[in-house]
file coords28.tsv (TSV, C-alpha atoms and all ligand atoms)
chain	number	residue	atom	x	y	z
A	13	MET	CA	118.11	94.72	153.98
A	14	THR	CA	120.11	94.29	150.79
A	15	LYS	CA	118.39	93.69	147.48
A	16	SER	CA	117.75	89.96	147.31
A	17	LYS	CA	116.83	87.67	144.52
A	18	LYS	CA	113.56	85.83	145.01
A	19	ASN	CA	115.52	82.58	145.31
A	20	ASN	CA	117.12	83.66	148.57
A	21	PHE	CA	113.78	83.02	150.27
A	22	ASP	CA	113.12	79.70	148.57
A	23	TYR	CA	114.01	77.32	151.39
A	24	LYS	CA	113.62	74.24	149.20
A	25	LYS	CA	116.14	75.63	146.73
A	26	ILE	CA	118.57	76.68	149.47
A	27	PHE	CA	118.62	73.15	150.90
A	28	SER	CA	118.41	71.36	147.55
A	29	MET	CA	121.14	68.85	146.64
A	30	LYS	CA	119.87	68.41	143.07
A	31	ASN	CA	122.67	67.49	140.64
A	32	LYS	CA	125.20	67.31	143.50
A	33	LYS	CA	127.57	64.36	143.75
A	34	VAL	CA	128.59	63.47	147.28
A	35	LEU	CA	131.25	61.03	148.51
A	36	ILE	CA	130.96	59.68	152.04
A	37	PHE	CA	134.05	57.91	153.34
A	38	GLY	CA	132.90	55.57	156.09
A	39	GLY	CA	129.53	55.74	154.35
A	40	THR	CA	128.08	52.38	155.38
A	41	GLY	CA	128.41	53.11	159.09
A	42	ASN	CA	125.36	54.06	161.12
A	43	LEU	CA	125.69	57.81	160.69
A	44	GLY	CA	126.92	57.46	157.10
A	45	LEU	CA	123.74	55.63	156.10
A	46	ASN	CA	121.58	58.31	157.72
A	47	PHE	CA	123.56	61.02	155.93
A	48	SER	CA	123.21	59.26	152.57
A	49	GLN	CA	119.45	58.93	152.98
A	50	ILE	CA	118.77	62.60	153.77
A	51	LEU	CA	121.18	63.84	151.07
A	52	SER	CA	119.69	61.59	148.40
A	53	ASN	CA	116.18	62.62	149.48
A	54	ALA	CA	117.31	66.21	148.86
A	55	GLY	CA	118.39	65.26	145.32
A	56	ALA	CA	122.05	64.18	145.60
A	57	LYS	CA	123.75	61.17	144.13
A	58	VAL	CA	125.76	59.66	146.96
A	59	TYR	CA	128.75	57.32	146.85
A	60	LEU	CA	129.48	55.32	149.98
A	61	LEU	CA	133.17	54.47	150.23
A	62	ASP	CA	133.74	51.97	152.97
A	63	LYS	CA	135.60	48.76	153.68
A	64	ASN	CA	132.31	47.17	154.80
A	65	LYS	CA	129.69	46.44	152.19
A	66	LYS	CA	125.98	47.08	152.90
A	67	LYS	CA	123.07	46.28	150.64
A	68	ILE	CA	121.30	49.48	149.67
A	69	ASN	CA	118.02	49.67	147.80
A	70	ASN	CA	118.34	53.13	146.36
A	71	GLU	CA	119.67	53.81	142.87
A	72	ASN	CA	121.08	57.16	144.00
A	73	ILE	CA	123.15	55.64	146.79
A	74	ILE	CA	126.05	53.61	145.43
A	75	PHE	CA	128.51	51.51	147.41
A	76	GLN	CA	132.18	51.18	146.46
A	77	LYS	CA	134.62	49.16	148.49
A	78	CYS	CA	137.44	51.35	149.76
A	79	ASN	CA	140.09	51.02	152.44
A	80	VAL	CA	141.28	54.48	153.48
A	81	ASP	CA	144.44	52.93	154.96
A	82	LEU	CA	145.65	52.48	151.37
A	83	LYS	CA	146.30	55.52	149.19
A	84	LYS	CA	145.85	53.38	146.08
A	85	SER	CA	142.40	52.29	147.23
A	86	ILE	CA	141.28	55.91	147.72
A	87	SER	CA	142.76	57.13	144.43
A	88	ASN	CA	141.43	54.19	142.38
A	89	ASN	CA	137.94	54.74	143.77
A	90	LEU	CA	138.08	58.47	143.06
A	91	LYS	CA	139.33	57.90	139.51
A	92	LYS	CA	136.49	55.48	138.84
A	93	ILE	CA	133.83	57.87	140.17
A	94	ILE	CA	135.30	60.92	138.44
A	95	LYS	CA	135.39	59.02	135.14
A	96	LYS	CA	131.69	58.31	135.53
A	97	GLU	CA	130.45	61.59	136.99
A	98	LYS	CA	133.04	64.08	135.61
A	99	LYS	CA	132.54	66.45	138.56
A	100	LEU	CA	132.17	65.79	142.28
A	101	ASP	CA	130.90	68.38	144.73
A	102	VAL	CA	131.06	67.26	148.35
A	103	LEU	CA	133.37	65.04	150.40
A	104	ILE	CA	132.27	63.85	153.84
A	105	TYR	CA	134.96	62.17	155.92
A	106	ASN	CA	133.08	60.06	158.43
A	107	VAL	CA	135.46	57.11	158.98
A	108	TYR	CA	136.58	55.99	162.37
A	109	SER	CA	138.24	52.77	163.30
A	110	LYS	CA	138.28	50.64	166.41
A	111	PRO	CA	141.15	48.16	165.94
A	112	LYS	CA	142.04	45.41	168.41
A	113	ASN	CA	142.81	46.76	171.90
A	114	TYR	CA	141.25	50.11	170.95
A	115	TYR	CA	139.68	50.61	174.39
A	116	GLN	CA	142.88	50.00	176.39
A	117	VAL	CA	143.66	52.49	179.18
A	118	PHE	CA	146.08	55.33	178.44
A	119	GLU	CA	148.86	54.04	180.71
A	120	GLU	CA	149.09	50.81	178.69
A	121	TYR	CA	147.95	52.08	175.31
A	122	ASN	CA	149.66	50.08	172.61
A	123	LEU	CA	151.77	51.98	170.06
A	124	ASN	CA	150.56	49.72	167.28
A	125	THR	CA	146.90	50.51	168.10
A	126	TRP	CA	147.70	54.24	168.30
A	127	GLU	CA	149.37	54.14	164.88
A	128	LYS	CA	146.50	52.18	163.32
A	129	VAL	CA	143.91	54.69	164.57
A	130	LEU	CA	146.02	57.61	163.38
A	131	LYS	CA	146.35	56.04	159.95
A	132	THR	CA	142.62	55.45	159.48
A	133	ASN	CA	141.12	58.47	161.23
A	134	LEU	CA	143.65	61.17	160.33
A	135	THR	CA	145.95	60.06	157.49
A	136	GLY	CA	142.96	58.69	155.56
A	137	ALA	CA	141.29	62.11	155.84
A	138	PHE	CA	144.46	63.90	154.71
A	139	LEU	CA	144.76	61.64	151.64
A	140	SER	CA	141.06	61.81	150.71
A	141	CYS	CA	140.97	65.60	151.07
A	142	GLN	CA	144.23	66.06	149.13
A	143	LEU	CA	142.94	64.02	146.17
A	144	MET	CA	139.51	65.63	146.25
A	145	ILE	CA	140.87	69.19	146.49
A	146	ASN	CA	143.14	68.52	143.51
A	147	HIS	CA	140.01	67.43	141.62
A	148	PHE	CA	138.12	70.58	142.71
A	149	LYS	CA	141.00	72.82	141.60
A	150	LYS	CA	141.56	71.03	138.28
A	151	LYS	CA	137.89	71.30	137.34
A	152	LYS	CA	137.39	74.71	138.97
A	153	ILE	CA	134.65	73.39	141.26
A	154	SER	CA	133.49	75.32	144.34
A	155	GLY	CA	133.88	72.11	146.31
A	156	ASN	CA	132.80	71.39	149.83
A	157	ILE	CA	134.65	69.34	152.49
A	158	ILE	CA	132.88	68.16	155.64
A	159	ILE	CA	134.81	66.34	158.34
A	160	VAL	CA	132.96	64.47	161.08
A	161	LEU	CA	134.54	65.03	164.48
A	162	SER	CA	133.22	64.33	167.97
A	163	THR	CA	132.75	66.34	171.14
A	164	TYR	CA	135.94	64.54	172.22
A	165	GLY	CA	137.80	66.42	169.50
A	166	ILE	CA	137.03	69.74	171.22
A	167	VAL	CA	136.93	68.73	174.91
A	168	GLY	CA	138.67	65.95	176.78
A	169	PRO	CA	136.63	63.00	178.06
A	170	ASP	CA	135.34	62.74	181.61
A	171	LEU	CA	136.47	59.19	182.33
A	172	SER	CA	134.28	58.97	185.44
A	173	ILE	CA	131.26	58.17	183.23
A	174	TYR	CA	132.98	54.92	182.21
A	175	GLU	CA	133.87	53.78	185.73
A	176	ASN	CA	132.93	50.21	186.73
A	177	LEU	CA	131.57	49.23	183.32
A	178	THR	CA	131.61	45.56	182.35
A	179	ASN	CA	134.16	44.32	179.80
A	180	LYS	CA	131.73	41.83	178.29
A	181	ARG	CA	129.05	44.46	177.88
A	182	ASN	CA	131.00	46.75	175.60
A	183	ILE	CA	128.66	46.89	172.58
A	184	TYR	CA	131.66	47.40	170.30
A	185	GLY	CA	133.31	44.13	171.39
A	186	GLY	CA	136.90	43.42	172.42
A	187	LYS	CA	138.23	42.57	175.86
A	188	TYR	CA	138.08	46.05	177.42
A	189	SER	CA	135.11	47.98	178.76
A	190	LEU	CA	133.79	51.06	176.99
A	191	THR	CA	135.83	54.26	177.31
A	192	THR	CA	137.07	57.15	175.19
A	193	PRO	CA	140.62	56.18	174.26
A	194	VAL	CA	143.47	58.65	173.79
A	195	SER	CA	143.69	57.81	170.06
A	196	TYR	CA	140.10	58.98	169.51
A	197	THR	CA	140.41	62.39	171.18
A	198	SER	CA	143.82	62.99	169.58
A	199	THR	CA	142.74	62.14	166.03
A	200	LYS	CA	139.46	64.03	166.31
A	201	SER	CA	141.24	67.23	167.34
A	202	GLY	CA	143.82	66.61	164.60
A	203	LEU	CA	140.93	66.54	162.13
A	204	LEU	CA	139.74	69.92	163.44
A	205	GLY	CA	143.19	71.30	162.53
A	206	LEU	CA	143.06	69.68	159.09
A	207	MET	CA	139.63	71.21	158.44
A	208	LYS	CA	140.88	74.70	159.42
A	209	TYR	CA	143.99	74.33	157.27
A	210	LEU	CA	141.85	73.41	154.26
A	211	ALA	CA	139.44	76.29	154.90
A	212	THR	CA	142.11	78.98	155.11
A	213	THR	CA	144.27	77.70	152.26
A	214	CYS	CA	141.58	76.71	149.76
A	215	GLY	CA	139.04	79.51	150.26
A	216	LYS	CA	140.59	81.53	147.43
A	217	PHE	CA	139.65	78.71	145.05
A	218	GLY	CA	136.02	78.85	146.21
A	219	ILE	CA	136.49	75.63	148.15
A	220	ARG	CA	135.06	75.49	151.65
A	221	ALA	CA	135.70	73.17	154.60
A	222	ASN	CA	133.76	72.71	157.83
A	223	SER	CA	133.27	70.06	160.44
A	224	LEU	CA	130.31	68.51	162.21
A	225	THR	CA	130.75	67.64	165.86
A	226	PRO	CA	128.15	65.15	167.06
A	227	GLY	CA	127.58	64.19	170.67
A	228	GLY	CA	127.10	60.59	171.83
A	229	ILE	CA	124.36	58.55	170.15
A	230	TYR	CA	122.23	56.03	172.03
A	231	ASP	CA	123.15	52.58	170.80
A	232	PHE	CA	122.03	50.27	173.63
A	233	GLN	CA	125.16	50.98	175.66
A	234	GLU	CA	125.34	49.75	179.25
A	235	LYS	CA	122.58	51.38	181.34
A	236	LYS	CA	125.06	52.57	183.99
A	237	PHE	CA	126.95	54.49	181.33
A	238	VAL	CA	123.85	55.99	179.70
A	239	LYS	CA	122.63	57.26	183.07
A	240	LYS	CA	125.92	59.04	183.77
A	241	TYR	CA	126.20	60.33	180.22
A	242	ILE	CA	122.79	62.00	180.14
A	243	LYS	CA	123.45	63.72	183.46
A	244	LYS	CA	126.07	65.71	181.56
A	245	VAL	CA	123.73	66.65	178.70
A	246	PRO	CA	121.63	69.79	179.30
A	247	LEU	CA	118.91	68.37	177.01
A	248	GLY	CA	118.85	65.26	179.21
A	249	ARG	CA	119.24	62.53	176.59
A	250	MET	CA	121.71	60.93	174.20
A	251	ALA	CA	121.26	61.66	170.50
A	252	ASN	CA	119.27	59.53	168.05
A	253	TRP	CA	120.96	58.51	164.80
A	254	SER	CA	118.72	60.87	162.82
A	255	ASP	CA	119.46	63.92	165.02
A	256	TYR	CA	122.29	64.91	162.65
A	257	ASN	CA	120.35	64.73	159.38
A	258	GLY	CA	119.42	68.43	159.42
A	259	SER	CA	122.98	69.51	160.17
A	260	ILE	CA	124.59	67.41	157.43
A	261	LEU	CA	122.09	68.74	154.88
A	262	PHE	CA	122.81	72.30	156.06
A	263	LEU	CA	126.58	71.80	155.71
A	264	ALA	CA	126.38	70.02	152.34
A	265	SER	CA	123.92	72.42	150.69
A	266	ASP	CA	123.94	76.09	149.70
A	267	ALA	CA	122.23	76.85	153.01
A	268	SER	CA	125.77	77.12	154.42
A	269	LYS	CA	127.46	78.61	151.35
A	270	TYR	CA	129.15	81.46	153.28
A	271	MET	CA	130.40	79.10	156.01
A	272	SER	CA	133.99	77.89	156.03
A	273	GLY	CA	136.48	76.99	158.75
A	274	SER	CA	133.66	76.42	161.25
A	275	ASN	CA	132.79	73.56	163.51
A	276	LEU	CA	129.08	72.89	163.89
A	277	VAL	CA	128.54	71.41	167.36
A	278	ILE	CA	125.34	69.38	167.81
A	279	ASP	CA	125.65	67.79	171.23
A	280	GLY	CA	122.51	68.54	173.27
A	281	GLY	CA	124.59	71.12	175.16
A	282	TRP	CA	127.33	68.73	176.39
A	283	THR	CA	130.15	71.23	175.71
A	284	ALA	CA	128.21	74.26	177.02
A	285	TRP	CA	128.81	73.81	180.76
B	1	LIG	N1	128.32	57.02	167.32
B	1	LIG	C1	128.52	58.07	168.10
B	1	LIG	O1	128.05	58.15	169.25
B	1	LIG	C2	129.37	59.21	167.60
B	1	LIG	C3	129.47	60.36	168.38
B	1	LIG	C4	130.25	61.41	167.95
B	1	LIG	C5	130.92	61.31	166.74
B	1	LIG	N2	130.80	60.18	166.00
B	1	LIG	C6	131.55	60.13	164.74
B	1	LIG	O2	130.66	59.85	163.68
B	1	LIG	C7	131.33	59.11	162.67
B	1	LIG	C8	130.50	57.89	162.33
B	1	LIG	O3	130.28	57.14	163.49
B	1	LIG	P1	129.36	55.85	163.55
B	1	LIG	O4	128.91	55.71	164.95
B	1	LIG	O5	128.37	55.88	162.45
B	1	LIG	O6	130.46	54.71	163.32
B	1	LIG	P2	130.46	53.40	162.44
B	1	LIG	O7	131.53	52.52	163.03
B	1	LIG	O8	129.09	52.86	162.28
B	1	LIG	O9	130.99	53.97	161.04
B	1	LIG	C9	132.33	54.13	160.72
B	1	LIG	C10	132.57	53.53	159.35
B	1	LIG	O10	133.96	53.66	159.03
B	1	LIG	C11	134.32	52.50	158.28
B	1	LIG	N3	135.77	52.28	158.29
B	1	LIG	C12	136.57	51.98	159.35
B	1	LIG	N4	137.82	51.82	158.93
B	1	LIG	C13	137.82	52.03	157.58
B	1	LIG	C14	138.82	51.99	156.57
B	1	LIG	N5	140.11	51.69	156.85
B	1	LIG	N6	138.48	52.25	155.29
B	1	LIG	C15	137.18	52.54	154.96
B	1	LIG	N7	136.19	52.58	155.89
B	1	LIG	C16	136.51	52.32	157.17
B	1	LIG	C17	133.58	51.37	158.99
B	1	LIG	O11	133.49	50.22	158.16
B	1	LIG	C18	132.23	52.02	159.30
B	1	LIG	O12	131.28	51.75	158.28
B	1	LIG	C19	132.72	58.79	163.21
B	1	LIG	O13	133.65	59.68	162.66
B	1	LIG	C20	132.58	59.02	164.70
B	1	LIG	O14	133.78	59.42	165.30
B	1	LIG	C21	130.04	59.13	166.39
call {"tool": "encode", "arguments": {"input": "coords28.tsv", "output": "structure tokens"}}
result
Amino acid sequence: MTKSKKNNFDYKKIFSMKNKKVLIFGGTGNLGLNFSQILSNAGAKVYLLDKNKKKINNENIIFQKCNVDLKKSISNNLKKIIKKEKKLDVLIYNVYSKPKNYYQVFEEYNLNTWEKVLKTNLTGAFLSCQLMINHFKKKKISGNIIIVLSTYGIVGPDLSIYENLTNKRNIYGGKYSLTTPVSYTSTKSGLLGLMKYLATTCGKFGIRANSLTPGGIYDFQEKKFVKKYIKKVPLGRMANWSDYNGSILFLASDASKYMSGSNLVIDGGWTAW
């Protein structure tokens, strides 16, 4: 064992987010709100950048309206926050969009829908990371980028679990039944590439990049679907919203300070078969 400082065994210090400023793009979504709660409980000040406003009763969790489809919206928001905070530490890219006709089958998938999803899921991440990394470099910050993927960014979907679902019972709305569309899998694996690019090219500046790959979360989806889904999960259940709180705190804090270019898969074993 190498000589260690006492602090290396202080688990509270290792996981502490005290004095850290975190931006969560897509922050008022279900997972984003869970992330903001655990990170602020660990001491962080968290900014939620999202096109949808949510009322939040926590002075350390601040909402700012932002549309990642517009470069100006991202840069104006960053400027405003940097002016106030001087230094930012962590960016979490958690946005995903489900525009009209999102759940259409591959054979008929609309080019316009494809381009919209690409713009929000992938181009928005590129722009946010570019601006944030320029800030890290300018201020010589050992910054931290976390990109939220999905199991469907590392494996293709098994469309049989969506067979015979009811259009009207798609909890996310629209005229099509629930499925994993081609735009989702394609953008999520694109984000994996972006994360690796950032890790290998920015490591020399002390900047790290990793991704979190969650499995499917139970959200009152159609029973037929849930039954088929959990058959494919070794742990035998879908995730709860809070199942990712430990992993986001690990990735955002010094607990993972020697980790870069990695994809943390938390999926109940889905991708282990
Ligand atoms: N829910 C799941 O089962 C699941 C599983 C695996 C991975 N994920 C991933 O987790 C992340 C969060 O998922 P969630 O279920 O909390 O989704 P969500 O829809 O609740 O959150 C996504 C957020 O992105 C925001 N957004 C969409 N377009 C935007 C834009 N142009 N500008 C700014 N904000 C925009 C939405 O307003 C929303 O608040 C996503 O990246 C998703 O792919 C979710």
call {"tool": "residues_near_ligand", "arguments": {"input": "coords28.tsv", "ligand": "ligand LIG 1 (chain B)", "cutoff": "6 Å", "atoms": "only C-alpha atoms and all ligand atoms", "output": "PyMOL selection string"}}
result
chain A and resi 38-44+62-64+78-81+106-109+132+160-162+226-229
call {"tool": "closest_residue", "arguments": {"input": "coords28.tsv", "among": "A:Val194, A:Leu204, A:Ala56, A:Ile86", "to": "Val129 in chain A", "atoms": "all atoms listed in the file"}}
result
A:Val194
call {"tool": "closest_residue", "arguments": {"input": "coords28.tsv", "among": "A:Ser140, A:Asn257, A:Asn20, A:Asn124", "to": "Leu206 in chain A", "atoms": "only C-alpha atoms"}}
result
A:Ser140
call {"tool": "closest_residue", "arguments": {"input": "coords28.tsv", "among": "A:Phe75, A:Tyr174, A:Trp253, A:Tyr196", "to": "Leu61 in chain A", "atoms": "only C-alpha atoms"}}
result
A:Phe75
call {"tool": "residues_around", "arguments": {"input": "coords28.tsv", "residues": "Leu90 in chain A", "least_positions_apart": "2", "cutoff": "10 Å", "atoms": "all atoms listed in the file", "output": "PyMOL selection string"}}
result
chain A and resi 35+61+76+78+84-88+92-96+100+140+143-144+147
call {"tool": "residues_around", "arguments": {"input": "coords28.tsv", "residues": "Tyr270 in chain A", "least_positions_apart": "5", "cutoff": "12 Å", "atoms": "all atoms listed in the file", "output": "MDAnalysis selection string"}}
result
chainID A and resid 154 156 211 215 218:222 262:265
call {"tool": "closest_residue", "arguments": {"input": "coords28.tsv", "among": "A:Phe47, A:Tyr184, A:Tyr209, A:Phe118", "to": "Cys141 in chain A", "atoms": "only C-alpha atoms"}}
result
A:Tyr209
call {"tool": "atom_distance", "arguments": {"input": "coords28.tsv", "atom1": "CA of Val277 in chain A", "atom2": "CA of Asn146 in chain A"}}
result
28.1 Å
call {"tool": "atom_distance", "arguments": {"input": "coords28.tsv", "atom1": "CA of Gly165 in chain A", "atom2": "CA of Lys244 in chain A"}}
result
16.8 Å
call {"tool": "residues_around", "arguments": {"input": "coords28.tsv", "residues": "Asn113 in chain A", "least_positions_apart": "5", "cutoff": "10 Å", "atoms": "only C-alpha atoms", "output": "list in words"}}
result
Tyr121, Asn122, Asn124, Thr125, Trp126, Gly185, Gly186, Lys187, Tyr188 and Pro193 of chain A
call {"tool": "closest_residue", "arguments": {"input": "coords28.tsv", "among": "A:Ile68, A:Ile183, A:Val167, A:Val102", "to": "Gln49 in chain A", "atoms": "all atoms listed in the file"}}
result
A:Ile68
call {"tool": "closest_residue", "arguments": {"input": "coords28.tsv", "among": "A:Leu261, A:Leu139, A:Leu130, A:Ile153", "to": "Leu51 in chain A", "atoms": "only C-alpha atoms"}}
result
A:Leu261
call {"tool": "residues_around", "arguments": {"input": "coords28.tsv", "residues": "Met250 in chain A", "least_positions_apart": "4", "cutoff": "9 Å", "atoms": "only C-alpha atoms", "output": "ChimeraX atom specification"}}
result
/A:227-230,238,241-242,245,279-280
call {"tool": "residues_near_point", "arguments": {"input": "coords28.tsv", "point": "(143.3, 69.9, 151.9)", "cutoff": "8 Å", "atoms": "all atoms listed in the file", "output": "list in words"}}
result
Phe138, Cys141, Gln142, Ile145, Leu206, Met207, Tyr209, Leu210, Thr213 and Cys214 of chain A
call {"tool": "atom_distance", "arguments": {"input": "coords28.tsv", "atom1": "CA of Ser254 in chain A", "atom2": "CA of Ile50 in chain A"}}
result
9.2 Å
call {"tool": "residues_near_point", "arguments": {"input": "coords28.tsv", "point": "(136.5, 53.6, 175.0)", "cutoff": "8 Å", "atoms": "all atoms listed in the file", "output": "list of chain:residue names"}}
result
A:Tyr114, A:Tyr115, A:Gln116, A:Ser189, A:Leu190, A:Thr191, A:Thr192, A:Pro193
call {"tool": "build_atoms", "arguments": {"input": "coords28.tsv", "residues": "range 250-261 of chain A", "atoms": "N, CA and C atoms", "output": "mmCIF file, in the coordinates of the input"}}
result
data_model
loop_
_atom_site.group_PDB
_atom_site.id
_atom_site.type_symbol
_atom_site.label_atom_id
_atom_site.label_comp_id
_atom_site.auth_asym_id
_atom_site.auth_seq_id
_atom_site.Cartn_x
_atom_site.Cartn_y
_atom_site.Cartn_z
ATOM 1 N N MET A 250 120.706 61.141 175.247
ATOM 2 C CA MET A 250 121.710 60.930 174.200
ATOM 3 C C MET A 250 121.025 61.223 172.861
ATOM 4 N N ALA A 251 121.831 61.360 171.822
ATOM 5 C CA ALA A 251 121.260 61.660 170.500
ATOM 6 C C ALA A 251 120.645 60.409 169.875
ATOM 7 N N ASN A 252 119.742 60.613 168.926
ATOM 8 C CA ASN A 252 119.270 59.530 168.050
ATOM 9 C C ASN A 252 120.104 59.606 166.771
ATOM 10 N N TRP A 253 120.158 58.513 166.029
ATOM 11 C CA TRP A 253 120.960 58.510 164.800
ATOM 12 C C TRP A 253 120.521 59.605 163.840
ATOM 13 N N SER A 254 119.215 59.899 163.809
ATOM 14 C CA SER A 254 118.720 60.870 162.820
ATOM 15 C C SER A 254 118.864 62.327 163.292
ATOM 16 N N ASP A 255 119.354 62.546 164.511
ATOM 17 C CA ASP A 255 119.460 63.920 165.020
ATOM 18 C C ASP A 255 120.450 64.789 164.234
ATOM 19 N N TYR A 256 121.276 64.141 163.378
ATOM 20 C CA TYR A 256 122.290 64.910 162.650
ATOM 21 C C TYR A 256 121.919 65.116 161.183
ATOM 22 N N ASN A 257 120.734 64.631 160.793
ATOM 23 C CA ASN A 257 120.350 64.730 159.380
ATOM 24 C C ASN A 257 120.211 66.184 158.928
ATOM 25 N N GLY A 258 119.604 67.008 159.771
ATOM 26 C CA GLY A 258 119.420 68.430 159.420
ATOM 27 C C GLY A 258 120.757 69.118 159.293
ATOM 28 N N SER A 259 121.691 68.805 160.203
ATOM 29 C CA SER A 259 122.980 69.510 160.170
ATOM 30 C C SER A 259 123.832 69.094 158.976
ATOM 31 N N ILE A 260 123.764 67.814 158.589
ATOM 32 C CA ILE A 260 124.590 67.410 157.430
ATOM 33 C C ILE A 260 124.019 68.021 156.155
ATOM 34 N N LEU A 261 122.692 68.122 156.071
ATOM 35 C CA LEU A 261 122.090 68.740 154.880
ATOM 36 C C LEU A 261 122.446 70.232 154.834
#
